[in-house]
file model.cif (mmCIF, C-alpha atoms and all ligand atoms)
data_target
#
loop_
_atom_site.group_PDB
_atom_site.id
_atom_site.type_symbol
_atom_site.label_atom_id
_atom_site.label_comp_id
_atom_site.auth_asym_id
_atom_site.auth_seq_id
_atom_site.Cartn_x
_atom_site.Cartn_y
_atom_site.Cartn_z
ATOM 1 C CA MET A 1 1.810 5.185 -15.308
ATOM 2 C CA ALA A 2 0.077 3.797 -12.238
ATOM 3 C CA LEU A 3 1.726 0.860 -10.496
ATOM 4 C CA VAL A 4 -0.122 -2.237 -9.321
ATOM 5 C CA ALA A 5 0.558 -3.755 -5.909
ATOM 6 C CA PRO A 6 -1.242 -7.063 -5.281
ATOM 7 C CA SER A 7 -1.961 -7.526 -1.580
ATOM 8 C CA ILE A 8 -1.040 -11.021 -0.474
ATOM 9 C CA LEU A 9 -3.674 -10.832 2.255
ATOM 10 C CA SER A 10 -6.049 -12.346 -0.300
ATOM 11 C CA ALA A 11 -3.527 -14.868 -1.625
ATOM 12 C CA ASP A 12 -3.630 -18.557 -0.712
ATOM 13 C CA PHE A 13 -1.424 -18.621 2.407
ATOM 14 C CA SER A 14 -0.743 -22.323 1.979
ATOM 15 C CA LYS A 15 1.247 -21.550 -1.163
ATOM 16 C CA LEU A 16 2.415 -17.998 -0.666
ATOM 17 C CA ALA A 17 5.678 -18.371 -2.601
ATOM 18 C CA GLU A 18 3.839 -19.686 -5.641
ATOM 19 C CA GLU A 19 1.242 -16.916 -5.417
ATOM 20 C CA ILE A 20 3.926 -14.220 -5.277
ATOM 21 C CA ARG A 21 5.763 -15.695 -8.258
ATOM 22 C CA ALA A 22 2.521 -15.825 -10.200
ATOM 23 C CA ALA A 23 1.828 -12.169 -9.357
ATOM 24 C CA GLU A 24 5.314 -11.235 -10.553
ATOM 25 C CA GLU A 25 4.853 -13.205 -13.755
ATOM 26 C CA ALA A 26 1.565 -11.435 -14.362
ATOM 27 C CA GLY A 27 3.381 -8.102 -14.210
ATOM 28 C CA ALA A 28 2.805 -6.827 -10.675
ATOM 29 C CA ASP A 29 5.021 -3.855 -9.773
ATOM 30 C CA LEU A 30 5.168 -4.287 -5.996
ATOM 31 C CA ILE A 31 4.088 -6.871 -3.438
ATOM 32 C CA HIS A 32 1.845 -5.329 -0.786
ATOM 33 C CA ILE A 33 2.123 -6.993 2.619
ATOM 34 C CA ASP A 34 -0.506 -6.276 5.273
ATOM 35 C CA VAL A 35 0.772 -6.570 8.813
ATOM 36 C CA MET A 36 -1.988 -6.522 11.459
ATOM 37 C CA ASP A 37 -1.606 -6.782 15.219
ATOM 38 C CA GLY A 38 -5.106 -7.568 16.512
ATOM 39 C CA LEU A 39 -5.081 -4.222 18.331
ATOM 40 C CA PHE A 40 -4.962 -1.362 15.841
ATOM 41 C CA VAL A 41 -7.204 -3.562 13.701
ATOM 42 C CA PRO A 42 -9.128 -6.664 14.817
ATOM 43 C CA ASN A 43 -7.185 -9.151 12.711
ATOM 44 C CA ILE A 44 -3.722 -10.662 13.147
ATOM 45 C CA THR A 45 -1.867 -11.484 9.944
ATOM 46 C CA ILE A 46 1.755 -11.562 8.911
ATOM 47 C CA GLY A 47 4.889 -11.009 11.010
ATOM 48 C CA GLN A 48 8.491 -10.276 10.089
ATOM 49 C CA GLU A 49 9.459 -13.955 9.872
ATOM 50 C CA VAL A 50 6.994 -14.500 7.059
ATOM 51 C CA VAL A 51 8.320 -11.405 5.290
ATOM 52 C CA ARG A 52 11.841 -12.784 5.616
ATOM 53 C CA ALA A 53 10.778 -16.169 4.223
ATOM 54 C CA ILE A 54 8.985 -14.781 1.182
ATOM 55 C CA ARG A 55 11.779 -12.274 0.470
ATOM 56 C CA LYS A 56 13.619 -15.083 -1.321
ATOM 57 C CA THR A 57 10.766 -15.708 -3.743
ATOM 58 C CA THR A 58 10.851 -12.472 -5.744
ATOM 59 C CA SER A 59 12.916 -9.448 -6.618
ATOM 60 C CA LEU A 60 9.848 -7.170 -6.617
ATOM 61 C CA PRO A 61 9.883 -4.436 -3.974
ATOM 62 C CA PHE A 62 8.094 -5.270 -0.728
ATOM 63 C CA ASP A 63 5.520 -2.671 0.239
ATOM 64 C CA VAL A 64 4.899 -3.316 3.930
ATOM 65 C CA HIS A 65 1.724 -1.787 5.356
ATOM 66 C CA LEU A 66 1.908 -1.792 9.147
ATOM 67 C CA MET A 67 -1.556 -1.742 10.695
ATOM 68 C CA ILE A 68 -0.123 -1.948 14.185
ATOM 69 C CA GLU A 69 -0.115 0.233 17.297
ATOM 70 C CA ALA A 70 3.121 2.106 18.038
ATOM 71 C CA PRO A 71 4.774 0.851 14.837
ATOM 72 C CA GLU A 72 8.112 2.411 15.850
ATOM 73 C CA ARG A 73 8.688 -0.715 17.983
ATOM 74 C CA HIS A 74 8.968 -2.934 14.914
ATOM 75 C CA LEU A 75 10.577 -0.860 12.157
ATOM 76 C CA GLU A 76 14.000 -2.495 12.464
ATOM 77 C CA ALA A 77 12.476 -5.966 12.354
ATOM 78 C CA PHE A 78 10.631 -5.336 9.099
ATOM 79 C CA ALA A 79 13.513 -3.459 7.485
ATOM 80 C CA GLU A 80 15.836 -6.319 8.315
ATOM 81 C CA ALA A 81 13.329 -8.872 7.034
ATOM 82 C CA GLY A 82 13.425 -7.241 3.608
ATOM 83 C CA ALA A 83 10.893 -4.409 3.423
ATOM 84 C CA ASP A 84 11.557 -1.747 0.773
ATOM 85 C CA ILE A 85 8.700 0.577 1.661
ATOM 86 C CA ILE A 86 7.417 0.755 5.234
ATOM 87 C CA THR A 87 4.103 2.487 5.788
ATOM 88 C CA VAL A 88 2.836 3.346 9.258
ATOM 89 C CA HIS A 89 -0.575 4.670 10.211
ATOM 90 C CA TYR A 90 -0.998 8.298 11.213
ATOM 91 C CA GLU A 91 -3.562 7.110 13.782
ATOM 92 C CA ALA A 92 -1.178 4.577 15.343
ATOM 93 C CA SER A 93 1.932 6.641 15.996
ATOM 94 C CA VAL A 94 2.288 9.482 18.486
ATOM 95 C CA HIS A 95 5.762 10.366 17.200
ATOM 96 C CA LEU A 96 5.100 10.095 13.510
ATOM 97 C CA HIS A 97 7.984 12.318 12.450
ATOM 98 C CA ARG A 98 10.448 10.228 14.408
ATOM 99 C CA ALA A 99 9.046 7.021 12.922
ATOM 100 C CA VAL A 100 9.421 8.409 9.396
ATOM 101 C CA GLN A 101 13.019 9.480 10.040
ATOM 102 C CA ARG A 102 13.804 6.061 11.451
ATOM 103 C CA ILE A 103 12.408 4.312 8.364
ATOM 104 C CA ARG A 104 14.769 6.405 6.205
ATOM 105 C CA GLU A 105 17.716 5.641 8.490
ATOM 106 C CA LEU A 106 16.942 1.977 7.944
ATOM 107 C CA ASN A 107 17.296 2.570 4.187
ATOM 108 C CA CYS A 108 13.623 2.034 3.495
ATOM 109 C CA LYS A 109 11.137 4.375 1.875
ATOM 110 C CA PRO A 110 8.656 5.869 4.332
ATOM 111 C CA GLY A 111 4.910 5.954 3.868
ATOM 112 C CA VAL A 112 2.106 7.194 6.087
ATOM 113 C CA SER A 113 -1.418 5.838 5.828
ATOM 114 C CA ILE A 114 -4.665 7.516 6.803
ATOM 115 C CA ASN A 115 -7.967 5.852 7.649
ATOM 116 C CA PRO A 116 -11.166 6.801 5.821
ATOM 117 C CA ALA A 117 -12.252 9.255 8.575
ATOM 118 C CA THR A 118 -8.867 10.985 8.774
ATOM 119 C CA PRO A 119 -8.580 14.118 6.629
ATOM 120 C CA VAL A 120 -5.561 14.567 4.366
ATOM 121 C CA TRP A 121 -4.637 17.926 5.917
ATOM 122 C CA VAL A 122 -3.214 16.199 9.028
ATOM 123 C CA LEU A 123 -0.225 15.299 6.840
ATOM 124 C CA GLN A 124 0.472 18.919 5.933
ATOM 125 C CA ASP A 125 3.668 19.167 7.989
ATOM 126 C CA ILE A 126 5.109 15.802 7.126
ATOM 127 C CA LEU A 127 4.191 15.470 3.469
ATOM 128 C CA ASP A 128 7.590 16.511 2.129
ATOM 129 C CA GLU A 129 9.295 13.803 4.219
ATOM 130 C CA LEU A 130 7.250 11.007 2.680
ATOM 131 C CA TYR A 131 7.870 8.659 -0.208
ATOM 132 C CA LEU A 132 4.168 7.894 -0.276
ATOM 133 C CA VAL A 133 0.835 8.537 1.346
ATOM 134 C CA LEU A 134 -1.436 5.516 1.568
ATOM 135 C CA ILE A 135 -5.078 6.506 1.469
ATOM 136 C CA MET A 136 -7.266 3.772 2.911
ATOM 137 C CA SER A 137 -10.378 3.442 0.813
ATOM 138 C CA VAL A 138 -11.878 0.904 3.231
ATOM 139 C CA ASN A 139 -11.569 0.656 7.006
ATOM 140 C CA PRO A 140 -8.360 -1.298 7.558
ATOM 141 C CA GLY A 141 -8.480 -4.814 8.895
ATOM 142 C CA PHE A 142 -9.972 -7.048 6.226
ATOM 143 C CA GLY A 143 -9.754 -7.757 2.546
ATOM 144 C CA GLY A 144 -12.766 -7.877 0.296
ATOM 145 C CA GLN A 145 -14.616 -4.747 1.484
ATOM 146 C CA GLU A 146 -16.408 -2.170 -0.661
ATOM 147 C CA PHE A 147 -14.544 0.910 -1.881
ATOM 148 C CA ILE A 148 -15.649 4.049 0.019
ATOM 149 C CA PRO A 149 -16.529 6.605 -2.704
ATOM 150 C CA SER A 150 -15.510 9.693 -0.681
ATOM 151 C CA SER A 151 -11.926 8.438 -0.946
ATOM 152 C CA LEU A 152 -11.853 9.822 -4.487
ATOM 153 C CA ARG A 153 -12.243 13.371 -3.166
ATOM 154 C CA LYS A 154 -9.430 12.794 -0.666
ATOM 155 C CA ILE A 155 -7.115 11.495 -3.387
ATOM 156 C CA GLY A 156 -7.856 14.608 -5.458
ATOM 157 C CA THR A 157 -7.258 16.987 -2.555
ATOM 158 C CA LEU A 158 -3.934 15.352 -1.774
ATOM 159 C CA LYS A 159 -2.877 15.298 -5.417
ATOM 160 C CA ASP A 160 -3.569 19.051 -5.736
ATOM 161 C CA GLU A 161 -1.485 19.735 -2.642
ATOM 162 C CA ILE A 162 1.416 17.577 -3.867
ATOM 163 C CA LEU A 163 1.411 19.323 -7.244
ATOM 164 C CA ARG A 164 1.019 22.779 -5.703
ATOM 165 C CA ARG A 165 4.089 22.181 -3.560
ATOM 166 C CA GLY A 166 6.064 20.502 -6.343
ATOM 167 C CA LEU A 167 6.611 17.341 -4.308
ATOM 168 C CA LYS A 168 7.332 13.860 -5.596
ATOM 169 C CA THR A 169 5.279 12.079 -2.933
ATOM 170 C CA LEU A 170 3.310 9.195 -4.404
ATOM 171 C CA ILE A 171 -0.316 8.436 -3.641
ATOM 172 C CA GLU A 172 -1.169 4.819 -2.966
ATOM 173 C CA VAL A 173 -4.779 3.741 -2.564
ATOM 174 C CA ASP A 174 -5.791 0.595 -0.695
ATOM 175 C CA GLY A 175 -9.125 -1.151 -0.343
ATOM 176 C CA GLY A 176 -11.956 -2.233 -2.612
ATOM 177 C CA ILE A 177 -10.106 -1.606 -5.871
ATOM 178 C CA LYS A 178 -11.274 -3.764 -8.759
ATOM 179 C CA VAL A 179 -10.953 -3.614 -12.532
ATOM 180 C CA ASP A 180 -14.268 -1.704 -12.645
ATOM 181 C CA ASN A 181 -13.230 1.246 -10.470
ATOM 182 C CA ALA A 182 -9.458 1.291 -11.049
ATOM 183 C CA ARG A 183 -9.613 3.934 -13.762
ATOM 184 C CA GLN A 184 -11.575 6.328 -11.538
ATOM 185 C CA VAL A 185 -8.992 5.912 -8.778
ATOM 186 C CA VAL A 186 -6.115 6.623 -11.164
ATOM 187 C CA GLU A 187 -7.923 9.600 -12.668
ATOM 188 C CA ALA A 188 -8.427 10.994 -9.169
ATOM 189 C CA GLY A 189 -4.633 10.988 -8.754
ATOM 190 C CA ALA A 190 -3.469 7.583 -7.532
ATOM 191 C CA ASP A 191 0.059 6.442 -8.439
ATOM 192 C CA ILE A 192 -0.108 2.982 -6.861
ATOM 193 C CA LEU A 193 -3.164 0.730 -6.712
ATOM 194 C CA VAL A 194 -3.278 -1.949 -4.025
ATOM 195 C CA MET A 195 -5.420 -4.901 -5.022
ATOM 196 C CA GLY A 196 -6.187 -7.814 -2.742
ATOM 197 C CA SER A 197 -9.343 -9.760 -3.560
ATOM 198 C CA GLY A 198 -9.565 -8.023 -6.944
ATOM 199 C CA PHE A 199 -6.227 -9.603 -7.877
ATOM 200 C CA PHE A 200 -5.956 -12.920 -6.048
ATOM 201 C CA GLY A 201 -9.652 -13.623 -6.511
ATOM 202 C CA ALA A 202 -9.146 -13.721 -10.278
ATOM 203 C CA ASP A 203 -8.916 -17.090 -12.037
ATOM 204 C CA ASN A 204 -6.073 -15.924 -14.239
ATOM 205 C CA TYR A 205 -3.700 -13.240 -12.938
ATOM 206 C CA ILE A 206 -2.116 -12.642 -16.347
ATOM 207 C CA GLU A 207 -5.481 -11.984 -17.952
ATOM 208 C CA LEU A 208 -6.539 -9.811 -15.007
ATOM 209 C CA MET A 209 -3.414 -7.662 -15.358
ATOM 210 C CA ARG A 210 -3.919 -7.348 -19.102
ATOM 211 C CA VAL A 211 -7.451 -6.025 -18.635
ATOM 212 C CA LEU A 212 -6.424 -3.835 -15.712
ATOM 213 C CA ARG A 213 -3.517 -2.214 -17.574
ATOM 214 C CA LYS A 214 -5.873 -1.442 -20.425
ATOM 215 C CA GLU A 215 -8.266 0.215 -17.983
ATOM 216 C CA ILE A 216 -5.649 2.353 -16.285
ATOM 217 C CA GLU A 217 -3.504 3.094 -19.321
ATOM 218 C CA PRO A 218 -6.027 3.717 -22.071
ATOM 219 C CA GLY A 219 -3.266 4.815 -24.456
ATOM 220 C CA ARG A 220 -1.444 1.521 -24.183
ATOM 221 C CA THR A 221 -1.400 -0.514 -27.387
ATOM 222 C CA LEU A 222 -0.577 -3.960 -25.941
HETATM 223 C C1 LIG B 1 -7.018 -3.875 4.333
HETATM 224 C C2 LIG B 1 -5.656 -4.014 3.704
HETATM 225 C C3 LIG B 1 -5.680 -4.136 2.246
HETATM 226 C C4 LIG B 1 -6.428 -5.337 1.719
HETATM 227 C C5 LIG B 1 -7.112 -4.873 0.479
HETATM 228 O O1 LIG B 1 -6.899 -3.526 5.653
HETATM 229 O O2 LIG B 1 -4.843 -2.897 4.026
HETATM 230 O O3 LIG B 1 -4.378 -4.088 1.679
HETATM 231 O O4 LIG B 1 -5.630 -6.449 1.415
HETATM 232 O O5 LIG B 1 -7.937 -5.882 0.042
HETATM 233 P P1 LIG B 1 -9.067 -5.615 -1.049
HETATM 234 O O6 LIG B 1 -8.366 -5.166 -2.296
HETATM 235 O O7 LIG B 1 -9.710 -6.945 -1.171
HETATM 236 O O8 LIG B 1 -9.985 -4.562 -0.501
HETATM 237 ZN ZN ZN B 2 -2.878 -2.720 2.884
#

call {"tool": "encode", "arguments": {"input": "model.cif", "output": "C-alpha cells"}}
result
Amino acid sequence: MALVAPSILSADFSKLAEEIRAAEEAGADLIHIDVMDGLFVPNITIGQEVVRAIRKTTSLPFDVHLMIEAPERHLEAFAEAGADIITVHYEASVHLHRAVQRIRELNCKPGVSINPATPVWVLQDILDELYLVLIMSVNPGFGGQEFIPSSLRKIGTLKDEILRRGLKTLIEVDGGIKVDNARQVVEAGADILVMGSGFFGADNYIELMRVLRKEIEPGRTL
C-alpha cells in the first residue's frame, strides 16, 4: 500500500498547526517538510525551529527533505528538532556515505534524493544503506510544477534494482503528483507519494484523500 506524504510547502503558513492536524485527520501517513537554503535551490523555506514548533502538533512521522548544500552541517539540528526521516540530496553532499551514517547514528531514517537529471545508477553503492530513495519528479525548489514524465522510467529502473537485490529500500516520489497521475506513479513502483499543491490546494482534504486512496488502491472497498 502506497503511503501519502502531504508537503507543507503548499500549506497556509499562517496556520501551519491547523493545516497539519487537518492533514492527519484526512489520513495522511507522513508529513513532508521541505527545507531550502536559497543556494542549492533558489528558495528559502523552513528551518529547524519551525520543525521543532510543529513537532508538537502531530504524532505523524516527519519526513524532512533537505534541499541544502552540504547538508551534513545541519543533520543534528533537524534530528533534534524532531525529524524521523532525513533525506539529503546526492548532488549536495560530497561525503554522502558519511552523511547517511550520521543520520542513522542520530536515530533517524536516511534517505537520498536525486534530481531529474541524475540517473538512478549513481546510488548503486549506497542503496543498501538507505531507508528510502526520493526521486524528484520536478526540479526542486518550488511547489506546483508539472510532473516530468521520464521520472516514471527512473522509478521503474530503481524498483527493478531494489527487487533484484532483495532490499527493503522504499521509493518516494516528489513533485507534480496529483490525483490524476498518482496511480501511474504507484504502478511504476513508488511506495510514498509526496503531494504539495495537489493536497493543500484541495478544498476538502478528507474528500481528496478518499478519492486518492481509491486511485492508488483500486482493490480497496471503502
Ligand atoms: C519541491 C519540493 C516538493 C514540493 C512538491 O522542491 O521538494 O516537496 O512541495 O509540491 P507539488 O506537489 O506541488 O509539486
Ligand atoms: Zn520535497

call {"tool": "residues_near_ligand", "arguments": {"input": "model.cif", "ligand": "ligand LIG 1 (chain B)", "cutoff": "7 Å", "atoms": "all atoms listed in the file", "output": "list in words"}}
result
Ser7, Ile8, Leu9, Ser10, His32, Asp34, His65, Val138, Asn139, Pro140, Gly141, Phe142, Gly143, Gly144, Gln145, Glu146, Asp174, Gly175, Gly176, Ile177, Val194, Met195, Gly196, Ser197 and Gly198 of chain A

call {"tool": "closest_residue", "arguments": {"input": "model.cif", "among": "A:Thr157, A:Val100, A:Met67, A:Lys168", "to": "Leu39 (chain A)", "atoms": "all atoms listed in the file"}}
result
A:Met67

call {"tool": "atom_distance", "arguments": {"input": "model.cif", "atom1": "CA of Asn115 (chain A)", "atom2": "CA of Ala92 (chain A)"}}
result
10.3 Å

call {"tool": "closest_residue", "arguments": {"input": "model.cif", "among": "A:Asp37, A:Glu129, A:Asp63, A:Glu91", "to": "ligand ZN 2 (chain B)", "atoms": "all atoms listed in the file"}}
result
A:Asp63

call {"tool": "closest_residue", "arguments": {"input": "model.cif", "among": "A:Arg153, A:Arg104, A:Arg164, A:His89", "to": "ligand ZN 2 (chain B)", "atoms": "all atoms listed in the file"}}
result
A:His89

call {"tool": "closest_residue", "arguments": {"input": "model.cif", "among": "A:Thr87, A:His74, A:Gly166, A:Gly27", "to": "ligand ZN 2 (chain B)", "atoms": "all atoms listed in the file"}}
result
A:Thr87

call {"tool": "resolve_selection", "arguments": {"input": "model.cif", "expression": "the PyMOL selection byres (((chain A and resi 82) around 9) and not hetatm)", "output": "list in words"}}
result
Gln48, Val51, Arg52, Arg55, Pro61, Phe62, Ala77, Phe78, Ala79, Glu80, Ala81, Ala83 and Asp84 of chain A

call {"tool": "residues_near_point", "arguments": {"input": "model.cif", "point": "(-5.1, -16.1, -6.4)", "cutoff": "8 Å", "atoms": "all atoms listed in the file", "output": "list in words"}}
result
Ser10, Ala11, Asp12, Glu19, Phe199, Phe200, Gly201, Ala202, Asp203, Asn204 and Tyr205 of chain A

call {"tool": "write_last_selection", "arguments": {"input": "model.cif", "atoms": "C-alpha atoms", "output": "PDB file, in the frame of the given file"}}
result
ATOM      1  CA  SER A  10      -6.049 -12.346  -0.300  1.00  0.00           C
ATOM      2  CA  ALA A  11      -3.527 -14.868  -1.625  1.00  0.00           C
ATOM      3  CA  ASP A  12      -3.630 -18.557  -0.712  1.00  0.00           C
ATOM      4  CA  GLU A  19       1.242 -16.916  -5.417  1.00  0.00           C
ATOM      5  CA  PHE A 199      -6.227  -9.603  -7.877  1.00  0.00           C
ATOM      6  CA  PHE A 200      -5.956 -12.920  -6.048  1.00  0.00           C
ATOM      7  CA  GLY A 201      -9.652 -13.623  -6.511  1.00  0.00           C
ATOM      8  CA  ALA A 202      -9.146 -13.721 -10.278  1.00  0.00           C
ATOM      9  CA  ASP A 203      -8.916 -17.090 -12.037  1.00  0.00           C
ATOM     10  CA  ASN A 204      -6.073 -15.924 -14.239  1.00  0.00           C
ATOM     11  CA  TYR A 205      -3.700 -13.240 -12.938  1.00  0.00           C
TER      12      TYR A 205
END

call {"tool": "closest_residue", "arguments": {"input": "model.cif", "among": "A:Glu49, A:Glu76, A:Glu24, A:Glu172", "to": "ligand ZN 2 (chain B)", "atoms": "only C-alpha atoms and all ligand atoms"}}
result
A:Glu172

call {"tool": "residues_near_point", "arguments": {"input": "model.cif", "point": "(2.1, 2.9, 20.5)", "cutoff": "7 Å", "atoms": "all atoms listed in the file", "output": "JSON, numbers by chain"}}
result
{"A": [69, 70, 71, 92, 93, 94]}

call {"tool": "atom_distance", "arguments": {"input": "model.cif", "atom1": "CA of Ala2 (chain A)", "atom2": "CA of Val179 (chain A)"}}
result
13.3 Å

call {"tool": "closest_residue", "arguments": {"input": "model.cif", "among": "A:Asn107, A:Ser137, A:Gln124, A:Gln101", "to": "ligand ZN 2 (chain B)", "atoms": "all atoms listed in the file"}}
result
A:Ser137

call {"tool": "residues_around", "arguments": {"input": "model.cif", "residues": "Asp128 (chain A)", "least_positions_apart": "2", "cutoff": "7 Å", "atoms": "only C-alpha atoms", "output": "ChimeraX atom specification"}}
result
/A:126,130,167

call {"tool": "resolve_selection", "arguments": {"input": "model.cif", "expression": "the PyMOL selection byres (((chain A and resi 21) around 12) and not hetatm)", "output": "list in words"}}
result
Pro6, Ile8, Ala11, Lys15, Leu16, Ala17, Glu18, Glu19, Ile20, Ala22, Ala23, Glu24, Glu25, Ala26, Gly27, Ala28, Asp29, Leu30, Ile31, Ile54, Arg55, Lys56, Thr57, Thr58, Ser59, Leu60, Tyr205 and Ile206 of chain A

call {"tool": "atom_distance", "arguments": {"input": "model.cif", "atom1": "CA of Lys154 (chain A)", "atom2": "CA of Leu96 (chain A)"}}
result
20.5 Å

call {"tool": "axis_aligned_box", "arguments": {"input": "model.cif", "around": "region 12-23 of chain A", "padding_each_side": "8 Å", "output": "AutoDock Vina command-line options"}}
result
--center_x 1.1 --center_y -17.2 --center_z -3.9 --size_x 25.4 --size_y 26.2 --size_z 28.6

call {"tool": "decode", "arguments": {"input": "model.cif", "residues": "region 29-44 of chain A", "atoms": "C-alpha atoms", "output": "CSV table (one decimal), in the first residue's frame"}}
result
chain,number,residue,atom,x,y,z
A,29,ASP,CA,0.7,8.9,6.6
A,30,LEU,CA,3.7,11.2,6.9
A,31,ILE,CA,4.3,15.0,6.9
A,32,HIS,CA,6.8,16.0,4.3
A,33,ILE,CA,8.8,19.1,5.2
A,34,ASP,CA,10.8,20.9,2.5
A,35,VAL,CA,13.9,22.7,3.8
A,36,MET,CA,15.5,25.0,1.3
A,37,ASP,CA,18.6,27.2,1.7
A,38,GLY,CA,18.5,29.7,-1.2
A,39,LEU,CA,21.7,28.1,-2.5
A,40,PHE,CA,21.1,24.5,-3.5
A,41,VAL,CA,17.7,25.8,-4.7
A,42,PRO,CA,16.6,29.4,-5.2
A,43,ASN,CA,14.1,29.5,-2.4
A,44,ILE,CA,14.4,29.7,1.3
